[in-house]
Amino acid sequence: MSGQGSWQPHRPEHLSSYAEMCLRSLADGGLGETISVGGALGLLHYWDYRSTHDVDAWWTPATTAEEREQVLSTIRDTLRPFGEVQVRQWGDVVSVELAQEGRRAFSFQIANRSAQLRPPNEAPWTDVLLDSFPDLVASKMVALVERGAPRDFRDIYAICQGGLTNPAQAWEWWAERQRLAGSDTDTHRARLAVETHLARIAQHRPLEGISDPEGRAGAASVRDWFAGEFLDALVD
């Protein structure tokens with residue numbers, strides 16, 4: 001990938017109705033520049049390969065305390081007709097959550113940003129800011145190393161297979177974000193973390209336990225790619 005122009009965002013097909021309503025409400029209220037959409041929904045604006053029900057976003061640096069409360073109030077008011085709404089907060093994250101019949105149906109999480117690689121874009125379908133592709137990949141890489149959930153592996157694999165980036169570039173963005181955030185850039189630790197997550201996933205869901213031949217072959221390809229090409233690109 002040679003530059004920012006290589007990544008043109010588009011409106012995702014897999015956009016939940018709750019996410020769309022909340023983001024449009026923020027835009028209509030003139031609050032579109034108070035947050036920047038990240039996470040899986042952000043990635044779907046660049047590579048629309050799976051669905052996600054929730055919204056993960058960052059507060060923009062210039063957003064005031066009053067504007068933050070307006071954002072949360074707008075999201076709450078948008079969701080109230082559809083069920084029980086509550087706001088939870090832990091650390092630097094605040095989450096507005098919609099529950100239906102006692103089960104969480106949707107969440108809109110916003111966090112304080114610790115590092116930003118590139119300026120955000122504007123979402124192509126509404127007046128809300130959208131994280132740059134390098135920032136989205138860097139954040140997903142942090143999640144891959146620190147959390148290592150199956151969806152983190154699937155997301156990185158999908159965008160690399162889609163030709164939007166490659167393992168070496170993804171690791172470079174991870175290292176850049178870690179440096180900006182003042183976090184650990186130890187490549188030995190990162191490699192061990194990914195290997196440990198892979199081993200845990202393989203133990204939890206061994207290939208021989210996947211009955212569908214196509215699913216078993218797909219899982220094997222993903223695991224082999226990470227154990228080989230992806231980790232081989234990590235320069236010590």
# chains A, B, ... in the order shown; residues from 1 in each chain; ligands from 1
$ select_by_dssp --residues "region 59-123 of chain A" --states "strand (DSSP E)" --output "PyMOL selection string"
chain A and resi 59+84-90+93-100+103-111+121-122
$ closest_residue --among "A:Ser17, A:Thr196, A:Thr52, A:Asn166" --to "Arg151 (chain A)" --atoms "only C-alpha atoms"
A:Thr52
$ residues_around --residues "Ile35 (chain A)" --least-positions-apart "5" --cutoff "10 Å" --atoms "only C-alpha atoms" --output "VMD selection string"
chain A and resid 23 26 56 to 63 68 71 110 to 112 120 128 to 131
$ closest_residue --among "A:Ile210, A:Cys22, A:Ala202, A:Ala170" --to "Val96 (chain A)" --atoms "only C-alpha atoms"
A:Cys22
$ residues_around --residues "Glu84 (chain A)" --least-positions-apart "3" --cutoff "8 Å" --atoms "only C-alpha atoms" --output "PyMOL selection string"
chain A and resi 80+98-100
$ residues_around --residues "Asp135 (chain A)" --least-positions-apart "3" --cutoff "12 Å" --atoms "only C-alpha atoms" --output "ChimeraX atom specification"
/A:4,36-40,42-43,57-58,113-121,130-132,138-142,169-170,172-178,180
$ select_by_dssp --residues "region 126-173 of chain A" --states "alpha helix (DSSP H)" --output "VMD selection string"
chain A and resid 133 to 146 150 to 161 167 to 173
$ closest_atom_pairs --of "region 38-61 of chain A" --to "region 102-105 of chain A" --cutoff "12 Å" --atoms "only C-alpha atoms" --output "tab-separated table"
residue	atom	partner	partner_atom	distance
A:Thr52	CA	A:Ala105	CA	11.4
A:His53	CA	A:Ala105	CA	8.0
A:Asp54	CA	A:Ala105	CA	8.7
A:Val55	CA	A:Ala105	CA	11.9
$ residues_around --residues "Gln161 (chain A)" --least-positions-apart "4" --cutoff "12 Å" --atoms "only C-alpha atoms" --output "MDAnalysis selection string"
chainID A and resid 47 49 154:157 165:167 221:222 225:226 229:230
$ closest_residue --among "A:Met21, A:Leu79, A:Ala220, A:Leu231" --to "Thr187 (chain A)" --atoms "only C-alpha atoms"
A:Leu231
$ closest_residue --among "A:Ile159, A:Ala199, A:Val235, A:Gly209" --to "Phe133 (chain A)" --atoms "only C-alpha atoms"
A:Ile159
